[in-house]
$ cat structure_10.txt   # compact mmCIF, C-alpha atoms
# COMPACT_ATOMS: atom_id res chain seq x y z
CA MET A 1 100.40 93.89 106.24
CA LYS A 2 96.95 92.88 104.92
CA ILE A 3 95.83 93.52 101.35
CA GLY A 4 92.18 92.47 101.58
CA THR A 5 92.57 89.11 99.86
CA ASN A 6 94.36 85.81 100.51
CA ILE A 7 96.20 85.77 97.16
CA ALA A 8 99.30 87.86 96.46
CA LEU A 9 99.51 88.34 92.69
CA ILE A 10 102.96 89.83 92.20
CA PHE A 11 104.61 91.20 89.06
CA PRO A 12 108.28 92.04 89.80
CA ILE A 13 108.72 92.76 86.07
CA LEU A 14 106.33 93.18 83.15
CA VAL A 15 108.63 93.09 80.12
CA CYS A 16 109.08 89.84 78.21
CA ASN A 17 111.60 88.17 75.89
CA GLN A 18 108.87 86.75 73.63
CA LYS A 19 106.50 88.61 71.34
CA CYS A 20 103.30 86.55 71.30
CA PRO A 21 100.72 88.20 69.02
CA TYR A 22 97.93 87.53 71.56
CA CYS A 23 99.72 88.81 74.69
CA VAL A 24 97.17 90.30 77.07
CA ASN A 25 99.75 92.77 78.37
CA HIS A 26 99.49 94.51 74.99
CA HIS A 27 95.73 94.24 74.73
CA SER A 28 95.51 98.01 75.17
CA SER A 29 97.27 100.54 72.98
CA GLU A 30 97.78 102.48 76.22
CA ALA A 31 100.01 99.72 77.70
CA ASN A 32 103.07 101.07 79.51
CA LEU A 33 104.97 98.09 80.90
CA LYS A 34 108.36 99.65 81.63
CA TYR A 35 108.25 100.21 85.35
CA LYS A 36 111.39 100.96 87.34
CA LEU A 37 112.59 97.64 88.79
CA GLU A 38 112.89 97.28 92.54
CA PRO A 39 115.70 95.16 94.05
CA GLY A 40 115.11 91.66 95.35
CA PHE A 41 115.58 92.49 99.04
CA LYS A 42 112.61 94.87 98.90
CA TRP A 43 110.40 92.18 97.36
CA ILE A 44 111.51 89.59 99.92
CA GLU A 45 110.80 91.88 102.86
CA ALA A 46 107.46 93.04 101.46
CA ILE A 47 106.18 89.57 100.51
CA ASN A 48 107.20 88.05 103.83
CA ASN A 49 105.42 90.94 105.59
CA LEU A 50 102.05 90.07 103.98
CA GLU A 51 99.51 88.53 106.35
CA PHE A 52 96.79 85.91 105.77
CA ILE A 53 98.19 85.00 102.34
CA ASP A 54 97.50 81.43 101.22
CA GLU A 55 98.95 81.71 97.74
CA ILE A 56 101.63 83.74 96.01
CA LYS A 57 101.36 83.90 92.23
CA THR A 58 103.77 85.55 89.85
CA GLY A 59 103.75 86.13 86.11
CA GLY A 60 104.78 88.90 83.80
CA GLY A 61 106.00 89.68 81.33
CA GLU A 62 108.49 86.96 82.07
CA PRO A 63 109.28 86.99 85.81
CA THR A 64 112.67 85.27 85.42
CA LEU A 65 113.95 88.40 83.64
CA HIS A 66 114.07 90.19 86.99
CA PRO A 67 117.78 90.21 87.90
CA ASP A 68 117.03 89.07 91.47
CA PHE A 69 114.42 86.44 90.57
CA VAL A 70 116.27 83.50 92.17
CA GLU A 71 117.05 85.45 95.33
CA ILE A 72 113.40 86.50 95.70
CA PHE A 73 111.90 83.04 95.33
CA ASN A 74 114.54 81.30 97.44
CA ASN A 75 113.76 83.62 100.34
CA ILE A 76 109.96 83.66 100.43
CA LYS A 77 108.68 82.05 103.60
CA ASP A 78 107.13 78.63 103.15
CA ALA A 79 104.07 77.40 105.02
CA PRO A 80 101.21 77.87 104.69
CA ARG A 81 101.78 79.59 101.38
CA ARG A 82 101.54 77.97 97.98
CA ILE A 83 103.78 79.52 95.35
CA LEU A 84 102.98 79.49 91.63
CA ILE A 85 105.50 80.73 89.06
CA GLY A 86 104.26 81.36 85.53
CA THR A 87 107.01 81.26 82.89
CA ASN A 88 107.66 80.79 79.16
CA ALA A 89 110.67 78.48 79.80
CA ALA A 90 112.99 80.31 77.43
CA GLU A 91 116.71 79.56 77.88
CA LEU A 92 117.27 82.25 80.50
CA ALA A 93 114.20 81.08 82.41
CA VAL A 94 115.59 77.53 82.60
CA GLU A 95 118.89 78.79 84.02
CA LYS A 96 117.03 80.71 86.73
CA LEU A 97 114.36 78.10 87.55
CA ILE A 98 116.83 75.28 88.16
CA GLN A 99 118.47 77.51 90.78
CA VAL A 100 115.19 77.96 92.67
CA LYS A 101 115.06 75.49 95.55
CA PRO A 102 112.36 72.80 95.13
CA ARG A 103 109.52 72.88 97.65
CA PRO A 104 106.39 70.74 97.98
CA LYS A 105 104.16 73.83 97.67
CA LEU A 106 106.04 75.46 94.78
CA ARG A 107 104.54 74.88 91.35
CA ILE A 108 105.89 76.05 87.99
CA GLN A 109 103.40 76.53 85.18
CA ILE A 110 104.98 76.81 81.73
CA SER A 111 103.24 78.31 78.71
CA PHE A 112 103.99 76.92 75.25
CA HIS A 113 103.87 79.55 72.49
CA PRO A 114 104.37 77.99 69.02
CA THR A 115 104.95 81.38 67.42
CA GLU A 116 108.01 81.87 69.63
CA THR A 117 109.69 78.46 69.90
CA ASP A 118 109.92 75.11 68.15
CA ILE A 119 108.40 72.21 70.04
CA ASP A 120 111.48 69.98 70.48
CA PRO A 121 113.80 72.54 72.10
CA PHE A 122 110.87 73.67 74.24
CA ILE A 123 110.29 70.10 75.47
CA SER A 124 114.02 69.78 76.20
CA ARG A 125 113.88 72.88 78.39
CA VAL A 126 110.78 71.63 80.21
CA LEU A 127 112.54 68.36 81.00
CA LYS A 128 115.54 70.25 82.44
CA ILE A 129 113.21 72.09 84.81
CA ARG A 130 111.45 68.83 85.69
CA ASN A 131 114.79 67.27 86.61
CA VAL A 132 114.88 69.72 89.51
CA HIS A 133 111.19 70.33 90.34
CA GLY A 134 109.65 67.00 89.30
CA GLN A 135 105.91 66.73 88.82
CA ASN A 136 105.38 70.22 90.24
CA VAL A 137 105.94 71.43 86.67
CA GLY A 138 102.93 71.82 84.37
CA VAL A 139 102.61 72.89 80.72
CA HIS A 140 99.72 74.63 79.00
CA MET A 141 98.91 76.29 75.70
CA ILE A 142 96.44 79.08 74.91
CA THR A 143 93.46 77.97 72.84
CA ARG A 144 90.10 79.37 71.82
CA ASP A 145 87.88 76.38 72.59
CA LYS A 146 90.03 74.03 74.74
CA ARG A 147 90.85 71.91 71.68
CA LEU A 148 94.50 71.00 71.30
CA ASP A 149 96.05 69.71 68.10
CA VAL A 150 96.28 65.90 68.36
CA LYS A 151 99.82 65.88 66.93
CA THR A 152 101.00 68.41 69.50
CA VAL A 153 99.46 66.50 72.41
CA SER A 154 100.96 63.24 71.16
CA HIS A 155 104.43 64.76 70.79
CA PHE A 156 104.39 66.04 74.35
CA LYS A 157 102.98 62.77 75.67
CA LYS A 158 105.72 60.64 74.17
CA ASN A 159 108.15 62.79 76.13
CA GLY A 160 106.22 62.19 79.35
CA ILE A 161 104.52 65.58 79.42
CA ASN A 162 100.78 66.21 79.61
CA ILE A 163 99.87 69.55 78.05
CA SER A 164 96.62 71.26 79.02
CA SER A 165 94.75 74.16 77.43
CA ASP A 166 93.85 77.56 78.79
CA VAL A 167 90.94 79.33 77.10
CA PHE A 168 91.67 83.03 76.86
CA LEU A 169 89.77 84.35 73.84
CA TYR A 170 92.78 83.76 71.60
CA ASN A 171 94.86 80.99 70.08
CA HIS A 172 98.55 80.91 69.25
CA GLN A 173 97.95 82.89 66.03
CA GLY A 174 96.56 86.05 67.57
CA PHE A 175 93.52 87.88 68.91
CA TYR A 176 89.96 86.83 68.21
CA GLN A 177 88.60 90.34 68.34
CA GLU A 178 85.10 89.23 67.41
CA SER A 179 84.99 87.08 70.55
CA LEU A 180 85.94 89.80 73.03
CA ARG A 181 83.14 90.65 75.41
CA ASP A 182 81.62 94.08 75.73
CA PHE A 183 83.85 94.95 78.69
CA SER A 184 86.95 94.86 76.47
CA ASP A 185 85.77 96.39 73.20
CA MET A 186 88.23 99.20 72.66
CA SER A 187 86.55 100.37 69.45
CA LYS A 188 84.06 102.22 71.69
CA PRO A 189 84.70 105.00 74.22
CA PRO A 190 85.18 103.85 77.82
CA ARG A 191 82.47 104.48 80.42
CA ARG A 192 82.52 105.23 84.14
CA ILE A 193 81.13 102.51 86.41
CA ARG A 194 81.31 101.36 90.01
CA CYS A 195 83.46 98.28 89.39
CA PRO A 196 83.46 95.28 91.76
CA LEU A 197 86.94 94.12 92.70
CA SER A 198 88.28 90.63 92.13
CA ILE A 199 90.14 88.46 94.64
CA TYR A 200 93.14 89.17 92.40
CA LYS A 201 94.71 92.56 93.10
CA PRO A 202 97.81 92.70 90.90
CA ILE A 203 100.92 94.15 92.52
CA ALA A 204 103.00 96.16 90.05
CA PRO A 205 106.83 96.22 89.78
CA ASN A 206 106.88 99.44 91.86
CA GLY A 207 104.86 97.77 94.65
CA ASP A 208 101.56 99.51 93.88
CA ILE A 209 98.50 97.33 94.56
CA TYR A 210 96.12 97.84 91.65
CA ALA A 211 92.39 97.22 91.40
CA CYS A 212 92.87 95.37 88.10
CA HIS A 213 95.37 94.31 85.44
CA GLN A 214 94.34 96.94 82.90
CA LEU A 215 95.08 99.82 85.25
CA MET A 216 98.42 98.25 86.18
CA TYR A 217 99.43 97.62 82.55
CA THR A 218 98.75 101.27 81.71
CA GLN A 219 100.43 102.63 84.88
CA SER A 220 97.18 104.40 85.69
CA LYS A 221 96.86 106.84 88.58
CA VAL A 222 93.35 105.45 89.05
CA GLY A 223 92.76 102.28 91.06
CA ILE A 224 95.86 102.21 93.27
CA LEU A 225 94.81 100.58 96.55
CA GLY A 226 98.13 100.61 98.36
CA ASN A 227 101.83 99.86 98.09
CA ILE A 228 103.54 96.84 99.63
CA PHE A 229 106.92 98.59 99.85
CA SER A 230 105.43 101.57 101.71
CA ASN A 231 103.35 99.22 103.87
CA TRP A 232 99.92 100.74 103.29
CA ALA A 233 96.67 99.51 101.78
CA VAL A 234 92.99 100.43 101.80
CA ASN A 235 90.29 97.81 101.97
CA ALA A 236 87.82 98.18 99.11
CA LEU A 237 85.22 95.94 97.52
CA ASP A 238 84.68 98.17 94.49
CA ILE A 239 86.10 101.31 92.92
CA ASP A 240 84.86 104.20 90.80
CA CYS A 241 86.51 103.46 87.43
CA PRO A 242 86.26 105.62 84.27
CA MET A 243 87.74 102.92 82.00
CA TYR A 244 84.94 100.34 81.68
CA GLY A 245 84.89 98.94 78.15
CA TRP A 246 88.68 99.12 77.86
CA CYS A 247 89.20 96.34 80.40
CA ASN A 248 91.84 93.65 80.09
CA PRO A 249 90.62 90.07 79.47
CA CYS A 250 92.47 89.07 82.67
CA ASP A 251 89.86 91.09 84.55
CA SER A 252 86.81 89.12 83.43
CA GLY A 253 86.40 87.90 87.01
CA HIS A 254 85.28 91.38 88.05
CA PHE A 255 82.09 90.77 86.10
CA ASN A 256 81.43 87.02 85.94
CA ARG A 257 82.47 86.47 89.58
CA SER A 258 81.54 89.87 90.97
CA GLU A 259 80.66 88.59 94.47
CA GLN A 260 83.84 86.54 94.91
CA LEU A 261 85.77 89.09 96.98
CA ARG A 262 82.77 89.95 99.17
CA THR A 263 82.19 86.25 99.81
CA LEU A 264 85.85 85.73 100.70
CA GLN A 265 85.82 88.60 103.19
CA ARG A 266 82.60 87.34 104.76
CA GLN A 267 84.25 83.94 105.24
CA LYS A 268 87.54 85.46 106.41
CA PRO A 269 86.73 88.83 107.99
CA GLU A 270 90.31 89.13 109.27
CA LEU A 271 91.40 89.89 105.67
CA ALA A 272 89.50 93.17 105.69
CA ALA A 273 90.92 94.44 108.97
CA LEU A 274 93.48 96.76 107.41

$ encode --input "structure_10.txt" --output "structure tokens"
Amino acid sequence: MKIGTNIALIFPILVCNQKCPYCVNHHSSEANLKYKLEPGFKWIEAINNLEFIDEIKTGGGEPTLHPDFVEIFNNIKDAPRRILIGTNAAELAVEKLIQVKPRPKLRIQISFHPTETDIDPFISRVLKIRNVHGQNVGVHMITRDKRLDVKTVSHFKKNGINISSDVFLYNHQGFYQESLRDFSDMSKPPRRIRCPLSIYKPIAPNGDIYACHQLMYTQSKVGILGNIFSNWAVNALDIDCPMYGWCNPCDSGHFNRSEQLRTLQRQKPELAAL
């Protein structure tokens, strides 16, 4: 099965066991994250059935909360696919991640959220995961301007961990509403536009392939491009969307990299042959 891009962005579960005040999943008051969960064998079959996929990415919510998380990621086919797991490294996550078999192309990216965990137990959990997955484990923290507190960086470094920053319009204290761009200003009514699609087409817990994160997080009936469990997809480079202005910050690429998907399909026309 082809989905029109070379990246499979899967979300087996969207709920989380942390309550970060800047969580993009809750950016919209319309967020509806409680999808019915599908069993691991369906995810394994569907993911392994995807064609021309170079990279499989997963996040959440917290993906390790899916009851079949270990089974899913131990049964995804290897080459030539890279696999990236995004996690918060809470206790349950550690238990699951150390059961996932290490692979050269599997990378675990851990987010540090100071509002949810103290630094020392967090570092201890990171080191447990590193004992299994080695240097394929990275750590990052959300910041507004890429500046990390010197004390925090030093504390991680003395434990052999380099922490990087991810700029996402927020810091660990909450939203910077004044910094949100016009495409995600929910104080104004949404508008209808012809929206260019990104190379990232998020796949919801029910298998629906969505045009963007915002439509997935709200369980919208608009913007569904296929379903990996039902083995169907349409190839599209843009969609007619009535929700412009209420976009999720994750979807900034639709506007600042609007030609990215078209360029990819020109370079790899086989992706579009659905």

$ atom_distance --input "structure_10.txt" --atom1 "atom CA of Ala236 of chain A" --atom2 "atom CA of Glu51 of chain A"
16.8 Å

$ closest_residue --input "structure_10.txt" --among "A:Val100, A:Leu197, A:Val70, A:Met216" --to "Asn32 of chain A" --atoms "only C-alpha atoms"
A:Met216

$ residues_around --input "structure_10.txt" --residues "Ile224 of chain A" --least-positions-apart "3" --cutoff "9 Å" --atoms "all atoms listed in the file" --output "list in words"
Asp208, Ile209, Tyr210, Ala211, Leu215, Met216, Ser220, Lys221, Asn227 and Ala233 of chain A

$ residues_around --input "structure_10.txt" --residues "Pro190 of chain A" --least-positions-apart "2" --cutoff "12 Å" --atoms "all atoms listed in the file" --output "PyMOL selection string"
chain A and resi 182-188+192-193+241-247

$ residues_around --input "structure_10.txt" --residues "segment 112-120 of chain A" --least-positions-apart "5" --cutoff "7 Å" --atoms "all atoms listed in the file" --output "list in words"
Gln18, Cys20, Asn88, Val139, His140, Met141 and His172 of chain A

$ atom_distance --input "structure_10.txt" --atom1 "atom CA of Ser230 of chain A" --atom2 "atom CA of Gly86 of chain A"
25.9 Å

$ residues_near_point --input "structure_10.txt" --point "(89.7, 94.7, 104.9)" --cutoff "8 Å" --atoms "all atoms listed in the file" --output "list in words"
Lys2, Ile3, Gly4, Val234, Asn235, Ala236, Gln265, Pro269, Glu270, Leu271, Ala272, Ala273 and Leu274 of chain A

$ build_atoms --input "structure_10.txt" --residues "segment 229-240 of chain A" --atoms "all heavy atoms" --output "compact mmCIF listing (two decimals), in the coordinates of the input"
# COMPACT_ATOMS: atom_id res chain seq x y z
N PHE A 229 105.63 98.11 99.38
CA PHE A 229 106.92 98.59 99.85
C PHE A 229 106.76 99.71 100.88
O PHE A 229 107.58 99.84 101.79
CB PHE A 229 107.77 99.09 98.68
CG PHE A 229 108.06 98.05 97.63
CD1 PHE A 229 108.04 98.37 96.28
CD2 PHE A 229 108.35 96.75 97.99
CE1 PHE A 229 108.30 97.42 95.31
CE2 PHE A 229 108.62 95.78 97.03
CZ PHE A 229 108.59 96.12 95.68
N SER A 230 105.70 100.49 100.74
CA SER A 230 105.43 101.57 101.71
C SER A 230 104.55 101.11 102.85
O SER A 230 104.22 101.89 103.74
CB SER A 230 104.76 102.76 100.99
OG SER A 230 105.58 103.25 99.95
N ASN A 231 104.09 99.85 102.78
CA ASN A 231 103.35 99.22 103.87
C ASN A 231 102.01 99.91 104.15
O ASN A 231 101.67 100.18 105.30
CB ASN A 231 104.21 99.18 105.14
CG ASN A 231 103.70 98.15 106.13
OD1 ASN A 231 103.17 97.11 105.75
ND2 ASN A 231 103.86 98.44 107.41
N TRP A 232 101.27 100.20 103.07
CA TRP A 232 99.92 100.74 103.29
C TRP A 232 98.97 100.14 102.27
O TRP A 232 99.35 99.75 101.17
CB TRP A 232 99.89 102.27 103.18
CG TRP A 232 100.09 102.82 101.80
CD1 TRP A 232 101.27 103.08 101.18
CD2 TRP A 232 99.06 103.17 100.85
NE1 TRP A 232 101.07 103.57 99.91
CE2 TRP A 232 99.71 103.64 99.68
CE3 TRP A 232 97.67 103.15 100.89
CZ2 TRP A 232 99.00 104.08 98.56
CZ3 TRP A 232 96.96 103.58 99.77
CH2 TRP A 232 97.63 104.05 98.63
N ALA A 233 97.71 100.01 102.68
CA ALA A 233 96.67 99.51 101.78
C ALA A 233 95.32 99.94 102.32
O ALA A 233 95.13 100.10 103.53
CB ALA A 233 96.73 97.98 101.66
N VAL A 234 94.37 100.15 101.41
CA VAL A 234 92.99 100.43 101.80
C VAL A 234 92.16 99.20 101.46
O VAL A 234 92.43 98.51 100.48
CB VAL A 234 92.42 101.67 101.10
CG1 VAL A 234 93.21 102.91 101.51
CG2 VAL A 234 92.47 101.52 99.57
N ASN A 235 91.17 98.93 102.27
CA ASN A 235 90.29 97.81 101.97
C ASN A 235 89.12 98.33 101.15
O ASN A 235 88.44 99.27 101.55
CB ASN A 235 89.77 97.15 103.24
CG ASN A 235 89.11 95.82 102.93
OD1 ASN A 235 89.72 94.96 102.32
ND2 ASN A 235 87.86 95.66 103.30
N ALA A 236 88.92 97.76 99.98
CA ALA A 236 87.82 98.18 99.11
C ALA A 236 87.21 96.96 98.44
O ALA A 236 87.91 95.99 98.15
CB ALA A 236 88.34 99.16 98.04
N LEU A 237 85.92 97.00 98.23
CA LEU A 237 85.22 95.94 97.52
C LEU A 237 84.84 96.36 96.11
O LEU A 237 84.49 95.53 95.28
CB LEU A 237 83.97 95.53 98.31
CG LEU A 237 84.25 94.91 99.68
CD1 LEU A 237 82.97 94.72 100.47
CD2 LEU A 237 84.99 93.59 99.54
N ASP A 238 84.90 97.66 95.85
CA ASP A 238 84.68 98.17 94.49
C ASP A 238 85.37 99.53 94.37
O ASP A 238 85.79 100.11 95.38
CB ASP A 238 83.18 98.26 94.15
CG ASP A 238 82.39 99.02 95.19
OD1 ASP A 238 82.93 100.01 95.75
OD2 ASP A 238 81.24 98.65 95.46
N ILE A 239 85.51 99.99 93.14
CA ILE A 239 86.10 101.31 92.92
C ILE A 239 85.31 102.05 91.84
O ILE A 239 84.62 101.43 91.03
CB ILE A 239 87.58 101.24 92.48
CG1 ILE A 239 87.72 100.57 91.10
CG2 ILE A 239 88.45 100.57 93.51
CD1 ILE A 239 89.03 100.90 90.41
N ASP A 240 85.43 103.37 91.86
CA ASP A 240 84.86 104.20 90.80
C ASP A 240 85.87 104.24 89.66
O ASP A 240 86.94 104.83 89.80
CB ASP A 240 84.59 105.60 91.36
CG ASP A 240 83.94 106.50 90.31
OD1 ASP A 240 83.06 106.02 89.59
OD2 ASP A 240 84.35 107.68 90.21
